[in-house]
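Colleague: Below is protein29.txt; it holds compact mmCIF, C-alpha atoms.
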```
# COMPACT_ATOMS: atom_id res chain seq x y z
CA MET A 1 -29.51 39.88 -15.79
CA ALA A 2 -30.59 39.19 -19.36
CA TRP A 3 -33.13 36.90 -20.90
CA VAL A 4 -34.53 35.93 -24.31
CA GLU A 5 -38.27 35.59 -24.91
CA HIS A 6 -38.11 34.53 -28.55
CA SER A 7 -35.68 32.68 -30.77
CA ILE A 8 -34.27 33.85 -34.10
CA ASN A 9 -33.05 30.30 -34.78
CA ALA A 10 -34.90 27.47 -36.48
CA THR A 11 -35.93 25.11 -33.66
CA TRP A 12 -38.13 22.05 -33.21
CA GLU A 13 -40.08 23.95 -30.55
CA LYS A 14 -41.31 26.42 -33.18
CA SER A 15 -42.42 23.53 -35.46
CA PRO A 16 -41.36 22.90 -39.07
CA VAL A 17 -44.32 24.96 -40.33
CA GLN A 18 -43.29 28.12 -38.46
CA ASN A 19 -39.65 27.62 -39.45
CA ALA A 20 -40.69 27.37 -43.11
CA GLN A 21 -42.89 30.47 -42.82
CA GLU A 22 -40.03 32.47 -41.36
CA ILE A 23 -37.64 31.40 -44.12
CA TYR A 24 -40.23 32.31 -46.79
CA LYS A 25 -40.84 35.75 -45.23
CA MET A 26 -37.10 36.36 -44.92
CA VAL A 27 -36.51 35.65 -48.61
CA ASP A 28 -39.64 37.53 -49.69
CA LYS A 29 -38.90 40.71 -47.70
CA CYS A 30 -35.10 40.77 -47.72
CA GLY A 31 -34.02 38.74 -50.73
CA ASP A 32 -31.64 41.40 -52.05
CA CYS A 33 -29.94 41.85 -48.66
CA ILE A 34 -29.61 38.09 -48.23
CA GLN A 35 -28.07 37.69 -51.68
CA GLU A 36 -25.64 40.54 -51.04
CA CYS A 37 -24.62 39.03 -47.70
CA LEU A 38 -24.10 35.53 -49.05
CA GLN A 39 -21.96 36.91 -51.87
CA ASP A 40 -19.77 38.76 -49.37
CA GLU A 41 -17.26 36.47 -47.66
CA GLN A 42 -17.17 38.49 -44.44
CA CYS A 43 -20.95 38.72 -44.04
CA LYS A 44 -21.42 35.07 -44.96
CA ALA A 45 -18.80 34.00 -42.42
CA CYS A 46 -20.58 36.02 -39.72
CA VAL A 47 -23.94 34.36 -40.39
CA GLU A 48 -22.32 30.93 -40.28
CA ALA A 49 -20.54 31.75 -37.03
CA LEU A 50 -23.72 33.14 -35.42
CA ASN A 51 -25.60 29.95 -36.31
CA LYS A 52 -23.19 28.10 -34.02
CA VAL A 53 -23.76 30.46 -31.08
CA ASP A 54 -26.51 30.14 -28.47
CA THR A 55 -28.51 33.39 -28.82
CA ARG A 56 -28.70 33.57 -25.01
CA ASP A 57 -24.92 34.01 -24.89
CA GLN A 58 -24.81 37.75 -25.53
CA VAL A 59 -21.04 38.05 -25.12
CA ALA A 60 -20.34 35.37 -27.74
CA SER A 61 -22.97 36.81 -30.08
CA TYR A 62 -21.61 40.32 -29.79
CA ARG A 63 -17.98 39.24 -30.21
CA THR A 64 -19.01 37.40 -33.36
CA ILE A 65 -20.79 40.43 -34.83
CA VAL A 66 -17.89 42.75 -33.99
CA SER A 67 -15.45 40.31 -35.60
CA TYR A 68 -17.23 40.62 -38.94
CA GLU A 69 -19.18 43.89 -38.77
CA SER A 70 -19.69 45.73 -42.05
CA GLU A 71 -22.27 47.87 -43.81
CA ILE A 72 -23.54 44.77 -45.64
CA LEU A 73 -24.05 42.91 -42.36
CA LYS A 74 -25.81 45.92 -40.84
CA ASN A 75 -28.24 46.15 -43.79
CA PHE A 76 -28.83 42.38 -43.63
CA SER A 77 -29.68 42.51 -39.91
CA TYR A 78 -31.75 45.67 -40.17
CA CYS A 79 -33.98 44.29 -42.94
CA ILE A 80 -34.60 40.89 -41.35
CA LEU A 81 -34.78 41.81 -37.68
CA THR A 82 -35.74 45.46 -37.26
CA GLN A 83 -37.57 46.50 -40.42
CA ASN A 84 -39.60 43.32 -41.01
CA ASN A 85 -39.34 41.42 -37.70
CA VAL A 86 -39.27 38.16 -39.64
CA PHE A 87 -39.14 36.01 -36.50
CA GLY A 88 -42.00 37.77 -34.71
CA CYS A 89 -39.83 38.71 -31.74
CA ASP A 90 -40.97 41.13 -29.07
CA ALA A 91 -39.61 42.44 -25.77
CA ASP A 92 -40.48 45.37 -23.54
CA VAL A 93 -38.15 47.33 -21.30
CA PRO A 94 -38.38 45.68 -17.84
CA GLU A 95 -40.42 47.63 -15.28
CA ARG A 96 -39.05 45.74 -12.27
CA PRO A 97 -37.27 46.39 -10.07
CA ALA A 98 -38.65 49.91 -9.75
CA VAL A 99 -35.53 52.02 -9.15
CA ALA A 100 -35.77 55.43 -7.50
CA VAL A 101 -33.66 58.42 -8.50
CA GLY A 102 -31.03 59.18 -5.90
CA THR A 103 -29.38 62.37 -4.71
CA TRP A 104 -26.28 64.37 -5.62
CA GLY A 105 -24.33 65.46 -2.57
CA GLY A 106 -27.44 64.98 -0.45
CA GLU A 107 -29.59 67.20 -2.65
CA PRO A 108 -32.48 66.08 -4.91
CA ILE A 109 -31.49 65.70 -8.56
CA THR A 110 -33.01 68.27 -10.89
CA ARG A 111 -33.07 68.30 -14.70
CA GLU A 112 -30.11 70.67 -14.78
CA SER A 113 -28.04 68.76 -12.24
CA ALA A 114 -28.85 65.45 -13.94
CA ARG A 115 -27.35 66.74 -17.19
CA GLN A 116 -24.28 67.96 -15.30
CA ILE A 117 -23.84 64.53 -13.71
CA LEU A 118 -23.94 62.91 -17.15
CA VAL A 119 -21.44 65.31 -18.75
CA ALA A 120 -19.34 65.21 -15.56
CA HIS A 121 -15.60 65.14 -16.31
CA LEU A 122 -15.74 65.66 -20.08
CA ASP A 123 -13.86 68.73 -21.27
CA ASP A 124 -17.03 70.46 -22.39
CA GLY A 125 -18.72 73.81 -21.89
CA ASP A 126 -21.66 72.12 -20.16
CA ALA A 127 -19.48 70.36 -17.58
CA PRO A 128 -19.97 71.28 -13.88
CA ALA A 129 -17.43 73.29 -11.89
CA MET A 130 -15.78 70.22 -10.34
CA SER A 131 -15.21 68.56 -13.73
CA LYS A 132 -11.71 67.18 -14.27
CA LYS A 133 -11.93 68.25 -17.95
CA THR A 134 -10.81 64.92 -19.40
CA PRO A 135 -11.56 63.30 -22.80
CA VAL A 136 -14.41 61.28 -21.21
CA SER A 137 -17.36 61.88 -18.91
CA TRP A 138 -16.89 58.64 -17.00
CA LYS A 139 -15.13 55.30 -17.14
CA VAL A 140 -16.96 52.18 -15.96
CA ALA A 141 -15.25 50.70 -12.91
CA ALA A 142 -17.68 47.82 -12.31
CA GLY A 143 -21.03 46.62 -13.53
CA ALA A 144 -23.77 44.14 -12.72
CA ASN A 145 -24.57 42.53 -16.05
CA VAL A 146 -22.89 39.27 -16.98
CA ALA A 147 -22.91 40.18 -20.67
CA TYR A 148 -22.21 43.86 -21.15
CA ASP A 149 -19.75 44.34 -18.30
CA GLN A 150 -17.35 41.76 -19.72
CA PHE A 151 -15.95 44.23 -22.25
CA PRO A 152 -12.77 46.09 -21.18
CA ASP A 153 -12.02 49.82 -21.18
CA GLN A 154 -15.54 51.20 -21.20
CA ASN A 155 -15.33 54.94 -21.85
CA GLN A 156 -18.49 57.03 -21.60
CA LEU A 157 -19.07 60.40 -23.28
CA PHE A 158 -22.27 62.35 -22.58
CA TYR A 159 -22.77 65.71 -24.28
CA ALA A 160 -25.51 68.02 -25.51
CA ALA A 161 -26.84 67.80 -29.05
CA ALA A 162 -25.94 70.63 -31.41
CA THR A 163 -29.47 72.04 -31.24
CA GLY A 164 -29.36 72.20 -27.44
CA THR A 165 -32.33 69.83 -27.05
CA GLY A 166 -31.49 66.30 -26.08
CA MET A 167 -28.09 64.72 -25.62
CA TRP A 168 -25.82 62.07 -27.07
CA TYR A 169 -24.13 59.15 -25.33
CA ASP A 170 -21.08 57.56 -26.94
CA PRO A 171 -19.71 54.42 -25.30
CA VAL A 172 -16.26 53.47 -26.62
CA PHE A 173 -15.02 50.07 -25.46
CA ARG A 174 -12.58 47.31 -26.31
CA VAL A 175 -13.52 43.90 -27.71
CA GLU A 176 -11.44 40.84 -28.50
CA THR A 177 -12.51 39.41 -31.86
CA LEU A 178 -12.81 35.70 -32.57
CA ASP A 179 -9.37 35.66 -34.18
CA GLY A 180 -7.74 37.29 -31.15
CA ARG A 181 -7.51 40.90 -32.39
CA GLN A 182 -8.15 43.77 -29.98
CA VAL A 183 -10.44 46.40 -31.52
CA TRP A 184 -12.23 49.53 -30.35
CA CYS A 185 -16.00 49.61 -30.72
CA LYS A 186 -18.06 52.80 -30.63
CA ARG A 187 -21.78 53.42 -30.51
CA HIS A 188 -23.92 56.57 -30.71
CA TYR A 189 -27.03 56.70 -28.49
CA LYS A 190 -29.70 59.36 -28.59
CA VAL A 191 -30.57 60.55 -25.06
CA ARG A 192 -33.95 62.00 -24.12
CA GLU A 193 -35.04 63.22 -20.71
CA LEU A 194 -38.01 61.40 -19.21
CA LYS A 195 -40.65 62.99 -17.01
CA GLU A 196 -38.83 62.37 -13.74
CA PRO A 197 -35.56 64.32 -13.38
CA GLY A 198 -32.61 61.92 -13.31
CA THR A 199 -34.22 59.40 -15.68
CA PHE A 200 -33.45 59.13 -19.38
CA ARG A 201 -34.41 57.13 -22.45
CA LEU A 202 -31.46 55.97 -24.57
CA THR A 203 -31.91 54.52 -28.07
CA VAL A 204 -29.40 53.17 -30.56
CA LEU A 205 -29.19 51.18 -33.79
CA ASP A 206 -26.37 48.69 -33.26
CA ASN A 207 -25.43 46.66 -36.34
CA GLY A 208 -29.00 46.86 -37.59
CA VAL A 209 -30.66 46.01 -34.25
CA ALA A 210 -32.49 48.74 -32.32
CA SER A 211 -32.12 48.93 -28.54
CA ASP A 212 -34.29 50.94 -26.17
CA GLU A 213 -33.07 51.64 -22.64
CA ARG A 214 -34.21 53.50 -19.52
CA TRP A 215 -31.37 54.88 -17.39
CA THR A 216 -31.67 56.15 -13.81
CA ILE A 217 -29.11 58.15 -11.83
CA MET A 218 -29.18 56.27 -8.53
CA GLY A 219 -26.68 58.50 -6.76
CA ALA A 220 -23.51 60.53 -7.15
CA ALA A 221 -20.78 61.86 -4.89
CA ALA A 222 -20.81 65.61 -4.22
CA ASP A 223 -17.41 65.92 -5.93
CA LEU A 224 -18.38 63.53 -8.74
CA SER A 225 -15.73 61.03 -7.66
CA TRP A 226 -18.30 58.32 -8.40
CA VAL A 227 -21.77 57.83 -9.85
CA VAL A 228 -24.13 54.85 -9.93
CA PHE A 229 -26.38 54.28 -12.94
CA HIS A 230 -29.12 51.69 -13.34
CA TYR A 231 -30.34 50.66 -16.77
CA ALA A 232 -33.18 48.49 -18.08
CA GLY A 233 -33.36 47.77 -21.77
CA ALA A 234 -34.80 45.72 -24.59
CA ALA A 235 -33.75 44.73 -28.09
CA ARG A 236 -37.22 43.99 -29.41
CA ALA A 237 -36.03 42.71 -32.79
CA VAL A 238 -34.27 39.75 -31.15
CA GLY A 239 -36.61 39.33 -28.16
CA GLN A 240 -34.04 40.26 -25.53
CA ARG A 241 -34.48 42.16 -22.29
CA TYR A 242 -31.73 43.11 -19.89
CA LEU A 243 -30.95 44.87 -16.62
CA GLY A 244 -27.77 46.23 -15.16
CA GLY A 245 -26.05 48.66 -12.86
CA LEU A 246 -22.83 50.63 -13.31
CA VAL A 247 -20.34 52.10 -10.88
CA CYS A 248 -18.42 54.79 -12.74
CA THR A 249 -15.48 56.95 -11.72
CA PRO A 250 -13.31 59.54 -13.51
CA ASP A 251 -10.51 57.03 -14.21
CA GLY A 252 -12.25 53.65 -13.95
CA THR A 253 -10.73 52.81 -10.58
CA MET A 254 -13.08 51.60 -7.84
CA PRO A 255 -13.29 53.93 -4.81
CA ASP A 256 -11.71 52.72 -1.58
CA ALA A 257 -13.44 50.18 0.65
CA ALA A 258 -14.81 52.75 3.09
CA VAL A 259 -16.57 54.70 0.31
CA CYS A 260 -17.93 51.51 -1.26
CA GLU A 261 -19.28 50.13 2.01
CA GLY A 262 -20.61 53.42 3.36
CA GLU A 263 -21.95 55.06 0.20
CA ILE A 264 -22.01 52.93 -2.96
CA TRP A 265 -23.23 49.52 -1.72
CA PRO A 266 -26.38 51.03 -0.08
CA VAL A 267 -27.20 52.80 -3.37
CA LEU A 268 -26.86 49.58 -5.39
CA ALA A 269 -28.95 47.68 -2.84
CA ARG A 270 -31.95 49.81 -3.81
CA ALA A 271 -31.81 48.07 -7.21
CA GLN A 272 -31.36 44.65 -5.60
CA ILE A 273 -27.69 44.61 -6.64
CA GLU A 274 -25.19 43.25 -4.12
CA PRO A 275 -21.41 43.77 -4.17
CA TRP A 276 -20.84 40.17 -5.26
CA ASP A 277 -23.02 40.78 -8.33
CA LEU A 278 -20.46 43.22 -9.74
CA PHE A 279 -17.89 42.49 -12.42
CA VAL A 280 -14.80 44.69 -12.21
CA VAL A 281 -13.98 46.14 -15.63
CA ASP A 282 -10.48 45.72 -17.05
CA ASN A 283 -9.28 49.28 -17.71
CA SER A 284 -5.70 48.37 -18.59
CA GLY A 285 -5.92 49.83 -22.09
CA GLY A 286 -4.88 46.68 -23.94
CA GLU A 287 -1.92 46.15 -26.25
CA ASP A 288 -1.52 46.89 -29.97
CA VAL A 289 -4.96 48.44 -30.15
CA GLY A 290 -4.11 52.14 -30.48
CA LEU A 291 -5.95 55.06 -28.96
CA PRO A 292 -9.73 54.86 -28.51
CA PRO A 293 -11.74 56.90 -31.07
CA LEU A 294 -13.39 58.98 -28.36
CA ASP A 295 -14.39 61.97 -30.53
CA PHE A 296 -15.52 59.96 -33.57
CA TYR A 297 -19.11 61.22 -33.30
CA ARG A 298 -18.64 64.23 -31.02
CA LYS A 299 -16.36 66.12 -33.40
CA ASP A 300 -19.21 66.50 -35.89
CA VAL A 301 -21.54 67.79 -33.17
CA LEU A 302 -18.94 70.31 -32.01
CA LYS A 303 -18.42 71.43 -35.61
CA LYS A 304 -22.16 71.94 -36.09
CA LYS A 305 -22.38 73.87 -32.81
CA GLU A 306 -19.60 76.20 -33.95
CA GLU A 307 -21.26 76.73 -37.34
CA MET A 308 -24.54 77.60 -35.62
CA ARG A 309 -22.76 79.97 -33.22
CA THR A 310 -20.98 81.71 -36.07
CA ALA A 311 -24.21 82.04 -38.06
CA ASN A 312 -25.97 83.65 -35.08
CA VAL A 313 -23.11 86.11 -34.55
CA ASN A 314 -23.26 87.19 -38.19
CA VAL A 315 -27.02 87.76 -38.13
```
Would you mind writing the file's structure down as structure tokens?

Modeller:
Amino acid sequence: MAWVEHSINATWEKSPVQNAQEIYKMVDKCGDCIQECLQDEQCKACVEALNKVDTRDQVASYRTIVSYESEILKNFSYCILTQNNVFGCDADVPERPAVAVGTWGGEPITRESARQILVAHLDDGDAPAMSKKTPVSWKVAAGANVAYDQFPDQNQLFYAAATGTGMWYDPVFRVETLDGRQVWCKRHYKVRELKEPGTFRLTVLDNGVASDERWTIMGAAADLSWVVFHYAGAARAVGQRYLGGLVCTPDGTMPDAAVCEGEIWPVLARAQIEPWDLFVVDNSGGEDVGLPPLDFYRKDVLKKKEEMRTANVNV
């Protein structure tokens, strides 16, 4: 579920006066970024392509941005949308449905166990005993969001920050660009624990647009053969709010029918998500796309951890 409260396009509904005011503010606040973008063929082509896309179509919008993404485009978007909110957009993280934290193997989820569930199968020192020690924490098997769950090969990496406070979440997923290329996309979310164990706040700056999300661990198998996450988020700069649920497994394969019907479907039902709401994720790996850059961000965190460890030993 996703919806748009405001429009970043010039429309008759906003009136010619408001459209003119927005254009004036855009030029006044971000003139240098606009000039740089229009002088760059790739950035200019992206703006032209986005003008042809309905902003409610998040898949088409995202594919367009990924097809042309660059530092110039990121600066352009950040100045207009996030830094100056030229279009006066606003959106809050949805509060409904209220989703309760679940259990892990029948036991209440604590702060410590919640972090272990996130790290899960990643080959990491913070992983639980039953971890499969793979290059990823989880792979998304199915999801309940018509936009975000359309992207194939969704790898999830959760790991502790170098300082030991907070965590990072790196989704690495495949996107088909407008010209038919298969490319890997990667993002780097900051993860903060919320007051209730098993709930987290995730924030990211994606191509100049900030997103704020609340994640809830709805349930997990005792052996971590599956986990169900619920998320509610908002991209305030473009007036978008969204909801979704994820069924994740170590290899991205859905559990068998008995497990789904007896364990997973009842968990999803607590978030008003039915089996027919799910989109099964294509985890085939794609062709001519190469290996996913899973450690793109994590390698720097691991390096910093090692430097800090060495410094403490030498003290």

Colleague: Produce a table with one row for each residue of stretch 174-250 of chain A that has an atom at most 9 Å from any atom of stretch 60-66 of chain A, each row naming the nearest atom pair and its distance in Å at one decimal; use all atoms listed in the file; arrange rows by chain and rising residue number; format as CSV.

Modeller:
```
residue,atom,partner,partner_atom,distance
A:Val175,CA,A:Arg63,CA,6.9
A:Glu176,CA,A:Arg63,CA,6.9
A:Thr177,CA,A:Arg63,CA,5.7
A:Leu178,CA,A:Thr64,CA,6.5
A:Val183,CA,A:Val66,CA,8.7
A:Cys185,CA,A:Val66,CA,7.8
A:Asn207,CA,A:Ile65,CA,7.9
```

Colleague: Give the answer as one residue: which of A:Tyr242, A:Trp104, A:Tyr297, A:Trp215 has the shortest atom-to-atom distance to A:Arg56, using all atoms listed in the file?

Modeller: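 When distances to A:Arg56 are compared using all atoms listed in the file, the smallest one comes from A:Tyr242.
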
Colleague: Please provide the set of residues having any atom within 12 Å of A:Ser284, restricted to only C-alpha atoms, with same-chain residues fewer than 6 positions apart removed, written as a short mmCIF file (atom, residue, chain, number, x, y, z; two decimals) with C-alpha atoms, keeping the file's coordinate frame.

Modeller:
```cif
data_model
loop_
_atom_site.label_atom_id
_atom_site.label_comp_id
_atom_site.auth_asym_id
_atom_site.auth_seq_id
_atom_site.Cartn_x
_atom_site.Cartn_y
_atom_site.Cartn_z
CA LYS A 139 -15.13 55.30 -17.14
CA ALA A 141 -15.25 50.70 -12.91
CA PHE A 151 -15.95 44.23 -22.25
CA PRO A 152 -12.77 46.09 -21.18
CA ASP A 153 -12.02 49.82 -21.18
CA GLN A 154 -15.54 51.20 -21.20
CA PHE A 173 -15.02 50.07 -25.46
CA ARG A 174 -12.58 47.31 -26.31
CA ASP A 251 -10.51 57.03 -14.21
CA GLY A 252 -12.25 53.65 -13.95
CA THR A 253 -10.73 52.81 -10.58
#
```

Colleague: What are the closest atom pairs, with distances in Å to one decimal, for each residue of stretch 145-243 of chain A lying within 12 Å of stretch 79-87 of chain A, using only C-alpha atoms, rows by chain and rising residue number, as CSV?

Modeller:
```
residue,atom,partner,partner_atom,distance
A:Leu205,CA,A:Thr82,CA,9.4
A:Asp206,CA,A:Thr82,CA,10.7
A:Asn207,CA,A:Thr82,CA,10.4
A:Gly208,CA,A:Thr82,CA,6.9
A:Val209,CA,A:Thr82,CA,5.9
A:Ala210,CA,A:Thr82,CA,6.8
A:Ser211,CA,A:Thr82,CA,10.1
A:Ala235,CA,A:Thr82,CA,9.4
A:Arg236,CA,A:Thr82,CA,8.1
A:Ala237,CA,A:Leu81,CA,5.1
A:Val238,CA,A:Leu81,CA,6.9
A:Gly239,CA,A:Phe87,CA,9.3
```

Colleague: Mind listing as a PyMOL selection string all residues within 8 Å of (-31.8, 37.8, -45.0), counting only C-alpha atoms?

Modeller: chain A and resi 26-27+30-35+37+76-77+79-80

Colleague: Quick one: 6 Å padding each side, axis-aligned, all listed atoms of stretch 169-182 of chain A - centre and edge lengths in Å to one decimal, as AutoDock Vina command-line options?

Modeller:
```
--center_x -15.8 --center_y 47.4 --center_z -29.7 --size_x 28.6 --size_y 35.5 --size_z 20.9
```

Colleague: For the atom pair atom CA of A:Thr134 and atom CA of A:Asp170, what is the interatomic distance in Å to one decimal place?

Modeller: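 If I compute the distance from atom CA of A:Thr134 to atom CA of A:Asp170, I get 14.7 Å.
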
Colleague: May I ask for the distance between atom CA of A:Asp92 and atom CA of A:Val228, given in Å to one decimal place?

Modeller: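 Rounded to one decimal, the two atoms are 23.3 Å apart.
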
Colleague: Just the residues within 9 Å of A:Val204, please, counting all atoms listed in the file, with nothing from its chain fewer than 6 positions along; format it as a list of chain:residue names.

Modeller: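 Close residues of A:Val204: A:Arg187, A:His188, A:Tyr189, A:Lys190, A:Ala210, A:Ser211, A:Asp212, A:Glu213.
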
Colleague: Figure out the distance between atom CA of A:Met167 and atom CA of A:Pro293, please, to one decimal in Å.

Modeller: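 The value is 18.9 Å.
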
Colleague: In terms of the shortest atom-to-atom distance over all atoms listed in the file, which of A:Val93, A:Leu73, A:Leu302, A:Cys43 is closest to A:Gln240?

Modeller: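 Comparing A:Val93, A:Leu73, A:Leu302, A:Cys43 against A:Gln240, the winner is A:Val93.
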
Colleague: Between A:Phe229, A:Leu246, A:Asn155, A:Gln272, which one has atoms that come closest to A:Gly285, using all atoms listed in the file?

Modeller: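 Residue with the minimum atom-to-atom distance to A:Gly285: A:Asn155.
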
Colleague: Please determine, counting only C-alpha atoms, which residue among A:Val267, A:Val313, A:Val119, A:Ala257 has the shortest atom-to-atom distance to A:Gly102.

Modeller: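 Selected residue with least distance to A:Gly102: A:Val267.
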
Colleague: Let me make sure I understand: among A:Gly106, A:Gly286, A:Gly164, A:Gly143, which one has the smallest atom-to-atom distance to A:Lys305 if we use all atoms listed in the file?

Modeller: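 For A:Lys305, the nearest of the given residues is A:Gly164.
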
Colleague: Rank nothing, just name the residue among A:Cys89, A:Val191, A:Cys260, A:Cys248 nearest to A:Val136, using only C-alpha atoms.

Modeller: A:Cys248

Colleague: Residues near A:Lys133, anyone? I mean within 8 Å using all atoms listed in the file, not counting same-chain ones fewer than 4 positions away, as an MDAnalysis selection string.

Modeller: chainID A and resid 121:124 127

Colleague: May I have the protein, DNA and RNA residues with any atom at most 10 Å from the point (-29.5, 66.7, -12.8), counting all atoms listed in the file, written as a list in words?

Modeller: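 Protein and nucleic acid residues near the point are Thr103, Trp104, Pro108, Ile109, Thr110, Arg111, Glu112, Ser113, Ala114, Arg115, Gln116, Ile117, Leu118, Pro197, Gly198, Thr199 and Ile217 of chain A.
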